[in-house]
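Below is one structure, written out as structure tokens, with a few remarks after it.
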Amino acid sequence: MLLITCPYCRMARPESEFHYGGEAHVARPAEPANVSDAEWAAYLYMRANPKGVHAERWRHIHGCGRFFNAVRNTVSDEILATYEAGMSRPDLGDGTKDAR
Amino acid sequence: MADRIAARRSALEGLALPSSAGLASVTDVGVAARFLYRGAPELVAGVFGVELPTTPLRANARLERAVLWLGPDEWLLLTAKADDSTLSATLSNVLHGKPASLVDISHRQVGLVVSGPRVEALLNAGCPLNLDVAVFPVGMCTRTILAKAEIVLWRTAGDTFRIEVARSFAPYAVAFLDEAMHGIA
Ligand SMILES: [Zn+2]
């Protein structure tokens, strides 16, 4: 079982208290009426799905109930960082900060 | 025609609460009023009489009232009264017009006191948290899971925890603790 550090509870907690929430930092277009169908479809459906380091949303649903973000390596399942919702992706010095 | 009056029954009524001498025991908290509060902590501390903890996972208790931190802007307020409509009205008054939410959940859940020298082992049968007193000290509280049920767990003394569980899950939680009691014997 993964131990995930919740940035709100500020402690490592068992994975079974969490729900996965998909890719993080997917910004909704500010004016949906002004974007093309392709841009809207990209926002709705297209995800990076990388093999490697991935920023993603998690929810501590059976804990404090809050959504937050985690940077996880999808190959090793290692969680490299967790941070509060609304914060930008931390630079872990591995060149993946601007990856999608 | 005879009057038929709805009587309020505890979800624990008729359930045999497990107990094993020298290991652990499960008892009913009894009547309690419960409110879920979301908003700024300073708005209600004065009328409730207990400071709302802003340190994560901590509870403050005073006399027969307690406040448990559940989230960054979310607290569980507990009193030992069956129906605290006076408190409910007082809190509603101070919160009027404020960006806050107060929900009376008194009868949504039931409270259990789990106590005894093997209490950590009993709870760890279904709760994946480290309950060692050094990691989960007296006064710590959190929402977590007990097997398939979501609970609020609060350590009120070295060998005593209070569990708050949804009334619909109460028979399940009690049956699970009964089974677990056999496992630690
Ligand atoms: Zn949390």
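Ordering of the structure tokens sets the chain letters (A, B, ...); residue numbers start at 1 within each chain; ligands are numbered from 1 in the order shown.
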
Restrict the distance test to only C-alpha atoms, flag each residue of chain A within 9 Å of chain B, and return the flagged residues as JSON, numbers by chain.
{"A": [8, 9, 10, 13, 14, 16, 17, 61, 62, 63, 64, 65, 66]}

Distance query segment 78-90 of chain A at most 6 Å, only C-alpha atoms, self and fewer than 2 positions along chain excluded, as a PyMOL selection string
chain A and resi 7+68-73+76

With C-alpha atoms kept, could you save the residues just selected as a PDB file, in the first residue's frame?
ATOM      1  CA  PRO A   7      -0.501  18.464   2.624  1.00  0.00           C
ATOM      2  CA  PHE A  68      -4.516  18.277  -3.439  1.00  0.00           C
ATOM      3  CA  ASN A  69      -1.825  17.563  -6.022  1.00  0.00           C
ATOM      4  CA  ALA A  70       0.902  14.944  -6.098  1.00  0.00           C
ATOM      5  CA  VAL A  71       3.884  14.377  -8.369  1.00  0.00           C
ATOM      6  CA  ARG A  72       4.169  10.631  -8.870  1.00  0.00           C
ATOM      7  CA  ASN A  73       6.374   8.431 -10.975  1.00  0.00           C
ATOM      8  CA  SER A  76       7.860   3.112  -9.776  1.00  0.00           C
TER       9      SER A  76
END

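For the choices B:Val94, B:Cys141, B:Ala134, B:Ala185, the atom-to-atom distance to ligand 1 is smallest for B:Cys141 when using only C-alpha atoms and all ligand atoms.
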
Can you tell me which residues surround Val47 of chain B at a distance of at most 10 Å, considering only C-alpha atoms, apart from same-chain residues fewer than 3 positions away, and format the answer as a PyMOL selection string?
chain B and resi 42-44+50-51+87+90-91+94

So, with only C-alpha atoms as the atoms that count, which of A:Thr74, A:Thr96, A:Ser36, A:Thr5 lies closest to Lys51 of chain A?
A:Thr74

Minimum-distance residue to ligand 1, chosen among A:His54, A:Arg28, A:His19, A:Arg59 (using only C-alpha atoms and all ligand atoms):
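Smallest distance to ligand 1 is found for A:Arg59.
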
For Phe136 of chain B, which residue among B:Thr156, B:Thr54, B:Ser101, B:Ser88 is the nearest when counting only C-alpha atoms?
B:Thr156

Taking only C-alpha atoms into account, which of B:Leu131, B:Ala40, B:Ala147, B:Val138 comes nearest Pro99 of chain B?
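With only C-alpha atoms as the atom set, the closest residue is B:Ala40.
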
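Each of B:Ala80, B:Leu122, B:Ala170, B:Ala24 was compared to Ser10 of chain B using only C-alpha atoms, and B:Ala170 turns out to be the nearest.
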
Measure the distance from atom CA of Ala16 of chain B to atom CA of Ala157 of chain B in Å and round it to one decimal.
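Atom-to-atom, atom CA of Ala16 of chain B to atom CA of Ala157 of chain B, that is 23.9 Å.
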